[in-house]
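First up is the structure itself, then whatever we jot down about it.
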Amino acid sequence: MSYLALIAVAAGLVLAACFIMKKRRRARLLATPLSAARRRILQARMPLYAKLPPDLRDTLDGLVNRFLDEVKFFGYEGVEITDDIRVTIAAQACILLVNKKNRWFASLKTIHVYPTTFRSRLKSVAGHVHTSRRQSRLGESWAKGPVVLAWDHAAYGAFAPHDGQNVVMHEFAHQLDEQTGVSDGAPLLDDDQSAGGWARAFRSAYGRLRRDVETGAGNVLDAYGATNPAEFFAVATETFFERPNDLRAQEPELYRELSQYYRLDPAAWG
Ligand SMILES: [Zn+2]
């Protein structure tokens with residue numbers, strides 16, 4: 001065997017060893033309960049954590065461990081990143097994946113946290129920003145890039161679980177939507193979910209929301225969801241987790257599709 005071939009084999013072995021170690025580390029994190037200190041943070045900050053069925057809560061613990069291991073947080077304008085901030089944001093993001101096997105925010109590497117609403121420093125790349133609430137931004141999700149959040153709104157979203165507003169779930173719904181390469185309210189579906197059924201339910205509910213916004217009629221979904229299909233999916237996700245009974249009553253087909261997509265039935269959580 002030539003010298004170069006030996007180097008190639010050695011490099012291949014090192015890469016394989018790294019891959020196996022990474023996989024083992026991830027499996028260990030997913031199987032580990034949250035520390036008592038981190039669990040106390042969620043018990044204090046996120047009432048939904050206590051309402052989760054125990055098996056889902058155990059899964060969420062593992063996902064939060066993995067999230068905190070793999071995603072880096074950066075603070076701006078005086079924000080010092082603490083475990084409080086990291087755990088509260090990670091748990092709200094990971095609840096979207098708590099029953100979706102083999103799904104992850106694969107392109108997410110960093111989260112940028114401002115103390116409150118912010119003017120984006122990242123808007124130089126057009127077409128990749130989703131503003132959550134118009135000019136003063138509560139959050140942004142970038143395609144193949146970071147999530148940016150206002151900490152006060154992220155904390156309030158965790159603490160007020162029934163108002164249908166949750167900026168972390170909103171931005172991470174965008175992250176899921178963007179996994180197809182196009183942010184259009186049509187995320188990657190599992191094989192057992194019909195794209196046609198999804199499209200029909202979403203088109204129909206989206207049309208009703210747009211009409212209700214125009215006429216001033218009430219709708220369980222926030223008016224911001226009428227902006228475009230991507231925002232509709234993000235707003236529908238917030239409502240699915242925070243007002244599941246109202247959504248199921250007013251938009252049963254939409255609820256059913258979201259329930260199949262997230263493989264969850266939050267209306268049954270009490
Ligand atoms: Zn949005």
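Identifiers in the structure tokens: chain A, B, ... in order shown; residue index from 1 per chain; ligand index from 1 in order shown.
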Sort by chain and increasing residue number a table of all residues of segment 157-221 of chain A within 8 Å of segment 237-260 of chain A, each with its closest pair of atoms and their distance in Å to one decimal, counting only C-alpha atoms, and write it as a Markdown table.
```
| residue | atom | partner | partner_atom | distance |
| --- | --- | --- | --- | --- |
| A:Pro161 | CA | A:Glu242 | CA | 5.4 |
| A:His162 | CA | A:Glu242 | CA | 4.7 |
| A:Asp163 | CA | A:Glu242 | CA | 6.4 |
| A:Gly164 | CA | A:Thr239 | CA | 4.7 |
| A:Gln165 | CA | A:Glu238 | CA | 6.0 |
| A:Asn166 | CA | A:Glu238 | CA | 5.7 |
| A:Val167 | CA | A:Glu238 | CA | 8.0 |
| A:Met169 | CA | A:Glu238 | CA | 6.0 |
| A:His170 | CA | A:Glu238 | CA | 6.0 |
| A:Ala173 | CA | A:Thr237 | CA | 6.7 |
| A:Gln193 | CA | A:Gln260 | CA | 7.2 |
| A:Gly197 | CA | A:Glu257 | CA | 7.7 |
| A:Trp198 | CA | A:Glu257 | CA | 6.0 |
| A:Ala201 | CA | A:Leu254 | CA | 5.3 |
| A:Phe202 | CA | A:Leu254 | CA | 6.3 |
| A:Ala205 | CA | A:Leu254 | CA | 6.9 |
| A:Val220 | CA | A:Leu247 | CA | 6.3 |
| A:Leu221 | CA | A:Thr239 | CA | 6.6 |
```
Could you pull the residues within 9 Å of Glu77 of chain A, counting only C-alpha atoms, minus those fewer than 3 positions along the same chain, as a PyMOL selection string? chain A and resi 80+113-115
Return as a short mmCIF file (atom, residue, chain, number, x, y, z; two decimals) with C-alpha atoms, in the first residue's frame the residues of protein, DNA or RNA that approach ligand 1 to within 10 Å, with only C-alpha atoms and all ligand atoms taken into account.
```cif
data_model
loop_
_atom_site.label_atom_id
_atom_site.label_comp_id
_atom_site.auth_asym_id
_atom_site.auth_seq_id
_atom_site.Cartn_x
_atom_site.Cartn_y
_atom_site.Cartn_z
CA VAL A 129 -35.89 36.97 7.11
CA HIS A 130 -39.23 36.33 8.68
CA THR A 131 -40.28 39.11 10.92
CA SER A 132 -42.57 38.02 13.65
CA ARG A 133 -44.38 41.19 14.41
CA ARG A 134 -43.63 43.78 11.76
CA ARG A 137 -39.02 42.41 15.74
CA LEU A 138 -39.67 39.82 18.36
CA GLY A 139 -37.90 37.16 16.38
CA GLU A 140 -36.43 36.07 13.09
CA SER A 141 -35.70 32.73 11.52
CA VAL A 167 -42.43 33.65 19.43
CA MET A 169 -42.55 28.17 18.55
CA HIS A 170 -43.25 30.63 15.72
CA GLU A 171 -39.62 30.96 14.67
CA PHE A 172 -38.89 27.26 15.00
CA ALA A 173 -41.95 26.42 12.91
CA HIS A 174 -40.22 28.52 10.23
CA GLN A 175 -37.08 26.43 10.74
CA TYR A 224 -50.51 37.97 11.26
CA GLY A 225 -51.06 34.50 9.80
CA THR A 227 -49.53 37.69 5.73
CA ASN A 228 -48.50 34.70 3.59
CA PRO A 229 -48.59 30.87 3.77
CA ALA A 230 -45.26 30.67 5.65
CA GLU A 231 -46.53 32.99 8.37
CA PHE A 232 -49.82 31.08 8.40
CA PHE A 233 -48.00 27.84 9.23
CA ALA A 234 -45.98 29.54 11.98
CA VAL A 235 -49.07 31.18 13.51
#
```
- Message: Counting only C-alpha atoms, which residue out of A:Phe19, A:Glu178, A:Arg57, A:Ile7 sits closest to Ala31 of chain A?
- Response: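 Answer, going by the shortest atom-to-atom distance: A:Arg57.
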| request: Give me every alpha helix (DSSP H) residue in segment 47-262 of chain A, going by DSSP on the backbone, as JSON, numbers by chain. | output: {"A": [47, 48, 49, 50, 51, 54, 55, 56, 57, 58, 59, 60, 61, 62, 63, 64, 65, 66, 67, 68, 69, 70, 83, 84, 85, 86, 87, 88, 89, 90, 91, 92, 93, 94, 151, 152, 153, 154, 155, 156, 157, 158, 159, 167, 168, 169, 170, 171, 172, 173, 174, 175, 176, 177, 195, 196, 197, 198, 199, 200, 201, 202, 203, 204, 205, 206, 207, 208, 209, 210, 211, 212, 213, 214, 215, 229, 230, 231, 232, 233, 234, 235, 236, 237, 238, 239, 240, 241, 242, 244, 245, 246, 247, 248, 249, 250, 252, 253, 254, 255, 256, 257, 258, 259, 260, 261, 262]}
Contacts of segment 70-73 of chain A within 6 Å, only C-alpha atoms, excl. fewer than 5 positions in-chain, as a ChimeraX atom specification: /A:109-112
What would the file look like if the residues just selected were written as a compact mmCIF listing (two decimals), in the first residue's frame with N, CA, C and O atoms?
```txt
# COMPACT_ATOMS: atom_id res chain seq x y z
N LYS A 109 -27.39 26.41 13.96
CA LYS A 109 -26.16 26.32 14.76
C LYS A 109 -26.13 27.36 15.87
O LYS A 109 -25.46 27.15 16.88
N THR A 110 -26.80 28.50 15.66
CA THR A 110 -26.70 29.59 16.64
C THR A 110 -28.05 30.24 16.90
O THR A 110 -28.92 30.30 16.02
N ILE A 111 -28.20 30.75 18.13
CA ILE A 111 -29.36 31.56 18.51
C ILE A 111 -28.84 32.88 19.07
O ILE A 111 -27.90 32.89 19.88
N HIS A 112 -29.42 33.97 18.62
CA HIS A 112 -28.97 35.30 19.02
C HIS A 112 -30.09 35.95 19.83
O HIS A 112 -31.22 36.02 19.36
```
Check your understanding: Hey, what's within 9 Å of Leu68 of chain A if we count only C-alpha atoms and toss same-chain stuff fewer than 5 positions away? As a ChimeraX atom specification, please?
Key -> /A:63,73,86-87,90
For atom CA of Tyr49 of chain A and atom CA of Arg66 of chain A, the interatomic separation in Å (one decimal):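 Value for the atom CA of Tyr49 of chain A-atom CA of Arg66 of chain A distance: 17.1 Å.
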Quiz item: Any idea what the distance is between atom CA of Arg45 of chain A and atom CA of Asn65 of chain A?
Solution: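 Straight-line distance from atom CA of Arg45 of chain A to atom CA of Asn65 of chain A works out to 17.3 Å.
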List the neighbours of Arg211 of chain A out to 12 Å using only C-alpha atoms; skip same-chain residues closer than 5 positions along the sequence, and give me the result as a PyMOL selection string. chain A and resi 204-206+216-219+223+225-227
Backbone-only DSSP, strand (DSSP E) members of segment 29-128 of chain A, as an MDAnalysis selection string
chainID A and resid 72:75 110:114
Can you write just those residues out, N, CA, C and O atoms, as a compact mmCIF listing (two decimals), in the first residue's frame?
```
# COMPACT_ATOMS: atom_id res chain seq x y z
N LYS A 72 -25.26 27.01 19.81
CA LYS A 72 -24.59 28.05 20.59
C LYS A 72 -25.49 29.28 20.71
O LYS A 72 -26.16 29.67 19.75
N PHE A 73 -25.47 29.90 21.88
CA PHE A 73 -26.27 31.09 22.14
C PHE A 73 -25.35 32.31 22.25
O PHE A 73 -24.28 32.22 22.86
N PHE A 74 -25.81 33.43 21.71
CA PHE A 74 -25.07 34.69 21.81
C PHE A 74 -26.02 35.78 22.29
O PHE A 74 -27.15 35.88 21.81
N GLY A 75 -25.55 36.58 23.25
CA GLY A 75 -26.37 37.67 23.78
C GLY A 75 -25.94 39.01 23.21
O GLY A 75 -24.76 39.21 22.89
N THR A 110 -26.80 28.50 15.66
CA THR A 110 -26.70 29.59 16.64
C THR A 110 -28.05 30.24 16.90
O THR A 110 -28.92 30.30 16.02
N ILE A 111 -28.20 30.75 18.13
CA ILE A 111 -29.36 31.56 18.51
C ILE A 111 -28.84 32.88 19.07
O ILE A 111 -27.90 32.89 19.88
N HIS A 112 -29.42 33.97 18.62
CA HIS A 112 -28.97 35.30 19.02
C HIS A 112 -30.09 35.95 19.83
O HIS A 112 -31.22 36.02 19.36
N VAL A 113 -29.75 36.39 21.03
CA VAL A 113 -30.78 36.85 21.96
C VAL A 113 -30.60 38.33 22.30
O VAL A 113 -29.52 38.75 22.75
N TYR A 114 -31.67 39.10 22.07
CA TYR A 114 -31.72 40.51 22.46
C TYR A 114 -32.59 40.63 23.71
O TYR A 114 -33.46 39.78 23.95
```
As a check of understanding: the span from atom CA of Leu149 of chain A to atom CA of Asn99 of chain A is 24.3 Å
If you count only C-alpha atoms, the residue of A:Ile20, A:Leu97, A:Ala10, A:Met46 closest to Thr59 of chain A turns out to be A:Leu97
